[in-house]
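Q: Take a look at the following structure, please.
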Amino acid sequence: MTDWKGTWRLVRHGLRRDRVVLPVWIAALTGLSAAVVAAEVAMYATAAERAHGAAFGAANVFTRIMDGPASGTSLGAISMVEAFQKLAIFVALMAAQAVVRHTRQDEETGRAELIGSGVVGRQARLTAALIVSVGASFIVGAGVTMALLAHGLPLEGSLASGAALAATGACFAAIAGVAAQVSTTQRGANALAGGVLGLSFLLRAVGDAFGTVTASGVELVSAWPSWLSPLGWGQQMRVFHQDNWAVLALFSVLFVGLAVTAFALGNRRDMGAGLIADRSGPAEAPPRLLSPGGLALRLQKWPLITWGAALVVTGVAFGAVGESMEDFADTNPQVADLFLGVAPGATIVELYFALVFSFIAVAAAGYTVQALLRMRAEEVSGRLEPILSTSVGRIAWLASHGRFAVGGTVAVLVACGGAAALSHGVVSGDFAAGWGVMAAALVQIPAVLALGAVVFALFGVAPRWAGALSWAALAVSFVMGQFGDLLELPQWALNMSPFTHVPAVPAVALSYGPLVVLVAVAAVLVGVGMAGFGRRDLAIAA
Amino acid sequence: MDAAIVTRALVKRYGKTVALDGVDLSVRTGEIHGFLGPNGAGKSTTIRILLGLLRSDSGDVTLLGGDPWRDAVALHRRLAYVPGDVNLWPNLSGGEAIDLLLSLRGGFDRVRRDDMIDRFQLDPTKRCSSYSKGNRQKVAIVAAFASDVDLYILDEPTSGLDPLMEAVFQDVVKEQVRQGKTALLSSHILAEAEALCDRVSIIRKGRIVQSGTLDEMRHLTRTSIHVHTESPVRGMEGRAGVHDLALDAEGATFEVDAEQLGDVLAELTAFGVVALTSTPPTLEDLFLRHYGDELAELTGNGAGS
Ligand SMILES: Nc1ncnc2c1ncn2[C@@H]1O[C@H](COP(=O)(O)OP(=O)(O)O)[C@@H](O)[C@H]1O
Ligand SMILES: [Mg+2]
């Protein structure tokens, strides 16, 4: 067992390091689920309302894609259908990042070498990372169970919900464990795990979009792709409906399989090396690399390409189902009334695209945040120091990354909008409607850039907090967009999210006022960021 | 202009830690100036202020006649920096990283670049992610010395190099200075400074405690000797300049003041020297073990002794 020597010491070390991050995640996820359940309880007071809600969820392709399969009319089931997918994504992110943090990041910064040379077995680091991450997932699961019980929901379903979330977290911890062995860098490992998460969401979305509604009308049987996705399994447990505990076996098999793989891979590679072999490169640099902008392009290219590709696929998928919203509204006149109450005179399809892009915009902002935080990564890794010791000025360097992030943001939204417009055109035969779809994408650009400007300002003024606060700002925007109405948040709170201010184009007429304000706010924040970075000390690599 | 670098009363605090407590450093144009001090003394902090990467809390700096914070971009065209801990982009090749740093400093000479890569035996096609610390340091050294600049700022540049490369490094620095360039070389190894520097400044706890030529400081150095002899060593007990003597049947271990070193070695030959190792003291040893009191007096905060 010498391979595992020192594991507990590393676990303690890891818990100390994460003493802020993990409690924040756990409190936020537990709080979010409690809030959603409270809101659902208030909203679905009568059985008739629940039946109506479940029928809506089962029939509506959009909610199937976003939330997953409807599972009957019990209060618990309706709440968890609404909340599970988002909670599962967050738990997966928390678990995967924790594992990468405690394996790859440590190794990259050389901390692991120090630990490795001490009395620590070669498998201890990965084991400790998994223990910390899976432990945190279980605490989230327990918190969610308690939140559900506190609202008087049945014990079995509450336990199953918590178990499903914990198991999802554990599987993504193991996925990150493999990713950390395969890739050489922390960023690479996070990207790989994130890619698996995205693919899981897509598989589940496709499976549920093509599912069939049962005779009861309040339950959706997912098509097979949902069963390929660990993000979908939790929902196949049908909590508060069938409480199908057998699904946990799928999680267990995947977890064990991945963990064994990660340990086997770890056994085979040297410290610091990845399995993706280091190819050699050119002895001389191509001229296009030799400027701040050229370097930014080189460093930022792959995230842009992957995000762009993912958003194009997303755009095609959402564009293709747009037409079916019309049929859906035809068979559900109340729903049509509800929708059209929001924007009189608009068609259901127009409303659908406005809604879709308000969601996609937050995803695109994920790209923007990641691209801008690359600046912080360059700084703390010590790679910025040699650059700023040449005749590249601070503002010139900032501009090189800032320009790229702006251009990349515009590019991914245009590509996504274009893909949605075309796929809608192909399905419906109405290519002219594509302009409206495109407008729905473009109108989000100022809001995404405003969020990016927040990241930029934080980097200049509060660099230590830039990473945590930027992702928190994105998460808050996401929660407000997804749950803001449900939670009946006050308007001033909703106004904190830039996405609240985007007009619902093409369902309503384009109003420039809010967009101009968003751009103006962004400009001020960029100025703050530049002034702050121009005056502050550079962080020095540890 | 005969001073390349002048700092006066430079202070830098990190929260409660006082990293620099009034640094007065002066480097003349055309010299190799050793910047010596134990780890944590404030060498890197001073250097980063000279580069405009950090801002001092108080004090003045003049570098190549300019202000390193205000005139950073213009001054950086005229200097090259080798950081103490070189971090590079994992997916750039070494050659790409060199070309990038050279171009960003402002144009470069390909012949000189290739020559430096040759001399430091660097494989420029390897990805930076697969370089060892020493190789990453070589990338920064090559990128520095392939540029035509007036001032080299080198922060413990050889800490990862093997002795062969260290010798190449010393040759390269000497060549540059012969052509009128200036170098500031930080180190915590006395021997390196002795081999290279015209003058040195010694920093400890954020203050310059000594500054001058090495000869002027020779009295501060002691070498530790371990000698293996045919017959037992005699006559060293209580001998002037010999300290911490430990005798055994095989020979002796002791430390000797620099000015007595030659005489003591001559005396040792009488006992038939089989093997001899001499270790120059690290600065840390020197200051902390032997000269703590002297230093306390020098810095004026000595606990009464
Ligand atoms: N970013 C920082 N935050 C807090 N303390 C620092 C920081 N950088 C350096 N220090 C402290 O300042 C002192 C001087 O450090 P440094 O200049 O790196 O020394 P040297 O290069 O001589 O080894 C040390 O006590 C170190 O701990
Ligand atoms: Mg240092």
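Within each chain, counting starts at residue 1; across the structure tokens, chains are named A, B, ... in the order shown, with ligands numbered 1 upward in that order.
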Could you give me, as a tab-separated table, every chain B residue with an atom at most 12 Å from ligand 2, plus its closest atom pair and distance in Å to one decimal, counting only C-alpha atoms and all ligand atoms, rows ordered by chain then number?

A:
residue	atom	partner	partner_atom_place_in_ligand_line	distance
B:Ala19	CA	ligand 2	1 (Mg)	11.4
B:Phe35	CA	ligand 2	1 (Mg)	10.7
B:Leu36	CA	ligand 2	1 (Mg)	10.4
B:Gly37	CA	ligand 2	1 (Mg)	9.4
B:Pro38	CA	ligand 2	1 (Mg)	9.0
B:Asn39	CA	ligand 2	1 (Mg)	6.5
B:Gly40	CA	ligand 2	1 (Mg)	6.7
B:Ala41	CA	ligand 2	1 (Mg)	8.0
B:Gly42	CA	ligand 2	1 (Mg)	7.0
B:Lys43	CA	ligand 2	1 (Mg)	5.6
B:Ser44	CA	ligand 2	1 (Mg)	4.2
B:Thr45	CA	ligand 2	1 (Mg)	7.3
B:Thr46	CA	ligand 2	1 (Mg)	9.4
B:Ile47	CA	ligand 2	1 (Mg)	8.9
B:Arg48	CA	ligand 2	1 (Mg)	9.9
B:Val82	CA	ligand 2	1 (Mg)	11.5
B:Pro83	CA	ligand 2	1 (Mg)	8.6
B:Gly84	CA	ligand 2	1 (Mg)	6.0
B:Asp85	CA	ligand 2	1 (Mg)	8.2
B:Val86	CA	ligand 2	1 (Mg)	11.6
B:Leu154	CA	ligand 2	1 (Mg)	10.5
B:Asp155	CA	ligand 2	1 (Mg)	6.7
B:Glu156	CA	ligand 2	1 (Mg)	7.0
B:Pro157	CA	ligand 2	1 (Mg)	10.2
B:Ser159	CA	ligand 2	1 (Mg)	10.6
B:Leu185	CA	ligand 2	1 (Mg)	11.4
B:Ser186	CA	ligand 2	1 (Mg)	8.1
B:Ser187	CA	ligand 2	1 (Mg)	8.4
B:His188	CA	ligand 2	1 (Mg)	9.0
B:Ile203	CA	ligand 2	1 (Mg)	11.8

Q: Just write the chosen residues, C-alpha atoms, as a PDB file, in the first residue's frame.

A:
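The result, stored in result_20.pdb:
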ATOM      1  CA  ALA B  19      10.647  43.366   1.823  1.00  0.00           C
ATOM      2  CA  PHE B  35      23.826  41.654  -6.086  1.00  0.00           C
ATOM      3  CA  LEU B  36      24.315  39.199  -3.293  1.00  0.00           C
ATOM      4  CA  GLY B  37      22.188  38.098  -0.425  1.00  0.00           C
ATOM      5  CA  PRO B  38      20.573  35.064   1.124  1.00  0.00           C
ATOM      6  CA  ASN B  39      17.140  33.891  -0.009  1.00  0.00           C
ATOM      7  CA  GLY B  40      14.401  36.304   0.927  1.00  0.00           C
ATOM      8  CA  ALA B  41      16.818  39.220   1.296  1.00  0.00           C
ATOM      9  CA  GLY B  42      14.983  41.319  -1.294  1.00  0.00           C
ATOM     10  CA  LYS B  43      16.997  40.808  -4.486  1.00  0.00           C
ATOM     11  CA  SER B  44      14.080  39.875  -6.734  1.00  0.00           C
ATOM     12  CA  THR B  45      11.862  42.570  -5.255  1.00  0.00           C
ATOM     13  CA  THR B  46      14.508  45.220  -5.979  1.00  0.00           C
ATOM     14  CA  ILE B  47      14.962  43.921  -9.514  1.00  0.00           C
ATOM     15  CA  ARG B  48      11.232  43.966 -10.215  1.00  0.00           C
ATOM     16  CA  VAL B  82      16.433  36.913 -17.076  1.00  0.00           C
ATOM     17  CA  PRO B  83      13.920  36.107 -14.314  1.00  0.00           C
ATOM     18  CA  GLY B  84      14.867  33.905 -11.396  1.00  0.00           C
ATOM     19  CA  ASP B  85      12.075  31.494 -12.131  1.00  0.00           C
ATOM     20  CA  VAL B  86      11.525  31.242 -15.874  1.00  0.00           C
ATOM     21  CA  LEU B 154      19.997  38.747 -14.339  1.00  0.00           C
ATOM     22  CA  ASP B 155      18.163  37.306 -11.325  1.00  0.00           C
ATOM     23  CA  GLU B 156      19.935  34.156 -10.163  1.00  0.00           C
ATOM     24  CA  PRO B 157      20.310  33.125 -13.794  1.00  0.00           C
ATOM     25  CA  SER B 159      20.541  28.335 -10.417  1.00  0.00           C
ATOM     26  CA  LEU B 185      23.745  39.814 -11.492  1.00  0.00           C
ATOM     27  CA  SER B 186      21.879  38.648  -8.430  1.00  0.00           C
ATOM     28  CA  SER B 187      23.074  35.532  -6.696  1.00  0.00           C
ATOM     29  CA  HIS B 188      23.231  33.841  -3.371  1.00  0.00           C
ATOM     30  CA  ILE B 203      21.699  42.855   0.715  1.00  0.00           C
TER      31      ILE B 203
END

Q: Within 7 Å of chain B, which residues of chain A show up when using only C-alpha atoms, listed as a list in words?

A: Asp278, Ser280, Gly281, Pro282, Ala283, Glu284, Ala285, Leu290, Ser291, Ser381, Gly382, Arg383, Ile387, Ser389, Thr390, Ser391, Val392, Gly393, Asp537 and Leu538 of chain A

Q: Can you write just those residues out, N, CA, C and O atoms, as a compact mmCIF listing (two decimals), in the first residue's frame?

A:
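Wrote part28.txt, looks like this:
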# COMPACT_ATOMS: atom_id res chain seq x y z
N ASP A 278 4.17 15.02 -26.09
CA ASP A 278 4.65 16.32 -26.49
C ASP A 278 5.31 16.20 -27.84
O ASP A 278 6.38 15.62 -27.96
N SER A 280 7.32 17.78 -31.03
CA SER A 280 8.27 18.88 -31.08
C SER A 280 7.68 19.96 -31.97
O SER A 280 6.68 19.75 -32.66
N GLY A 281 8.31 21.13 -31.93
CA GLY A 281 7.76 22.26 -32.67
C GLY A 281 8.82 22.88 -33.56
O GLY A 281 9.93 22.37 -33.66
N PRO A 282 8.48 24.00 -34.21
CA PRO A 282 9.43 24.63 -35.11
C PRO A 282 10.60 25.26 -34.33
O PRO A 282 10.42 25.71 -33.21
N ALA A 283 11.79 25.27 -34.94
CA ALA A 283 12.95 25.87 -34.29
C ALA A 283 12.89 27.39 -34.33
O ALA A 283 13.53 28.06 -33.53
N GLU A 284 12.12 27.92 -35.29
CA GLU A 284 11.98 29.36 -35.39
C GLU A 284 10.51 29.72 -35.42
O GLU A 284 9.69 28.95 -35.90
N ALA A 285 10.20 30.92 -34.91
CA ALA A 285 8.80 31.32 -34.84
C ALA A 285 8.33 31.85 -36.18
O ALA A 285 9.07 32.55 -36.86
N LEU A 290 4.94 36.94 -33.71
CA LEU A 290 5.87 37.85 -33.06
C LEU A 290 5.29 39.21 -32.70
O LEU A 290 5.89 40.24 -32.99
N SER A 291 4.14 39.24 -32.08
CA SER A 291 3.57 40.49 -31.58
C SER A 291 2.65 40.11 -30.43
O SER A 291 2.28 38.94 -30.31
N SER A 381 1.03 32.69 -13.52
CA SER A 381 1.97 31.63 -13.87
C SER A 381 3.37 32.19 -14.08
O SER A 381 4.31 31.44 -14.27
N GLY A 382 3.51 33.52 -14.07
CA GLY A 382 4.83 34.11 -14.26
C GLY A 382 5.18 34.30 -15.73
O GLY A 382 6.29 34.73 -16.04
N ARG A 383 4.26 34.02 -16.65
CA ARG A 383 4.59 34.17 -18.07
C ARG A 383 4.41 35.61 -18.55
O ARG A 383 4.90 35.97 -19.61
N ILE A 387 7.18 39.13 -20.61
CA ILE A 387 6.58 39.94 -21.68
C ILE A 387 6.63 41.42 -21.31
O ILE A 387 7.04 42.26 -22.10
N SER A 389 8.63 42.82 -19.43
CA SER A 389 10.00 43.30 -19.32
C SER A 389 10.58 43.63 -20.69
O SER A 389 11.71 44.07 -20.80
N THR A 390 9.81 43.34 -21.74
CA THR A 390 10.23 43.78 -23.06
C THR A 390 9.55 45.12 -23.32
O THR A 390 8.92 45.68 -22.43
N SER A 391 9.64 45.61 -24.54
CA SER A 391 9.08 46.94 -24.78
C SER A 391 7.57 46.89 -25.05
O SER A 391 7.02 47.80 -25.64
N VAL A 392 6.91 45.82 -24.59
CA VAL A 392 5.45 45.78 -24.65
C VAL A 392 4.90 46.46 -23.40
O VAL A 392 5.24 46.05 -22.29
N GLY A 393 4.08 47.48 -23.58
CA GLY A 393 3.51 48.18 -22.44
C GLY A 393 2.32 47.43 -21.88
O GLY A 393 1.77 46.53 -22.52
N ASP A 537 0.78 46.51 -8.85
CA ASP A 537 1.91 45.59 -8.91
C ASP A 537 1.51 44.37 -9.72
O ASP A 537 0.36 43.94 -9.70
N LEU A 538 2.48 43.81 -10.39
CA LEU A 538 2.25 42.53 -11.05
C LEU A 538 2.30 41.44 -10.00
O LEU A 538 3.15 41.45 -9.12

Q: Within 12 Å of Val41 of chain A, counting only C-alpha atoms, which residues qualify if same-chain residues fewer than 6 places away don't, as a list in words?

A: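 The neighbour list is Ala34, Ala35, Ala47, Glu49, Arg50, Ser74, Leu75, Gly76, Ala77, Ile78, Ser79, Met80, Leu148, Ala150, His151, Gly152, Leu153, Leu486 and Leu487 of chain A.
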
Q: Tell me, as a PDB file with N, CA and C atoms, in the first residue's frame, which residues lie within 9 Å of Leu276 of chain B, counting only C-alpha atoms; anything in the same chain fewer than 4 positions away does not count.

A:
ATOM      1  N   ILE B 225      37.559  23.664   4.851  1.00  0.00           N
ATOM      2  CA  ILE B 225      38.526  22.722   4.272  1.00  0.00           C
ATOM      3  C   ILE B 225      38.326  21.358   4.906  1.00  0.00           C
ATOM      4  N   HIS B 226      38.305  20.347   4.059  1.00  0.00           N
ATOM      5  CA  HIS B 226      38.339  18.990   4.585  1.00  0.00           C
ATOM      6  C   HIS B 226      39.548  18.322   3.948  1.00  0.00           C
ATOM      7  N   VAL B 227      40.505  17.895   4.775  1.00  0.00           N
ATOM      8  CA  VAL B 227      41.745  17.356   4.224  1.00  0.00           C
ATOM      9  C   VAL B 227      41.989  15.949   4.761  1.00  0.00           C
ATOM     10  N   HIS B 228      42.462  15.088   3.874  1.00  0.00           N
ATOM     11  CA  HIS B 228      42.785  13.707   4.218  1.00  0.00           C
ATOM     12  C   HIS B 228      44.307  13.586   4.073  1.00  0.00           C
ATOM     13  N   THR B 229      45.003  13.251   5.181  1.00  0.00           N
ATOM     14  CA  THR B 229      46.477  13.268   5.159  1.00  0.00           C
ATOM     15  C   THR B 229      47.046  11.899   5.530  1.00  0.00           C
TER      16      THR B 229
END

Q: Mind the document's chain letters and residue numbers, and return as a ChimeraX atom specification the residues of segment 46-244 of chain B that DSSP labels alpha helix (DSSP H).

A: /B:46-50,72-76,94-106,110-119,133-145,163-178,190-196,214-217

Q: Find the distance between atom CA of Arg535 of chain A and atom CA of Glu378 of chain A and write it in Å to one decimal.

A: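 If I compute the distance from atom CA of Arg535 of chain A to atom CA of Glu378 of chain A, I get 18.0 Å.
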
Q: Counting only C-alpha atoms, what is within 12 Å of Ile348 of chain A, bar same-chain residues fewer than 3 positions away, as number ranges by chain?

A: A: 62, 322-330, 332-333, 335-345, 351-355, 506-508

Q: With a distance cut-off of 8 Å and only C-alpha atoms, select the neighbouring residues of Leu373 of chain A, excluding the residue or stretch itself and same-chain residues fewer than 3 positions from it, and output the selection as a count of residues only.

A: 8

Q: Within 10 Å of segment 21-32 of chain B, counting only C-alpha atoms, which residues show up once you throw out same-chain ones fewer than 5 positions away? Write them as a PyMOL selection string, please.

A: chain B and resi 1-13+42+46+58-64+150-152+173-174+176-185+193+196-209+211

Q: Just checking: using only C-alpha atoms and all ligand atoms, which residue out of B:Tyr14, B:Phe145, B:Phe169, B:Phe108 ends up closest to ligand 1?

A: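 Looking only at the distances to ligand 1, the closest residue turns out to be B:Tyr14.
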
Q: So how far away is atom CA of Gly294 of chain A from atom CA of Leu50 of chain B, in Å?

A: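 Atom-to-atom, atom CA of Leu50 of chain B to atom CA of Gly294 of chain A, that is 27.5 Å.
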
Q: Atom CA of Gly232 of chain A to atom CA of His102 of chain A: how many Å, to one decimal?

A: 27.1 Å

Q: For ligand 1, which residue out of A:Ala58, A:Ala419, A:Val380, A:Val414 is the nearest one, using only C-alpha atoms and all ligand atoms?

A: A:Val380

Q: Smallest atom-to-atom distance to Thr277 of chain B: which of B:Gln170, B:Gln260, B:Ser231, B:Ser224, using only C-alpha atoms?

A: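 Closest to Thr277 of chain B, using only C-alpha atoms: B:Ser224.
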
Q: In terms of the shortest atom-to-atom distance over only C-alpha atoms and all ligand atoms, which of B:Ile189, B:Val273, B:Leu164, B:Val149 is closest to ligand 1?

A: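 Using only C-alpha atoms and all ligand atoms, the shortest distance to ligand 1 belongs to B:Ile189.
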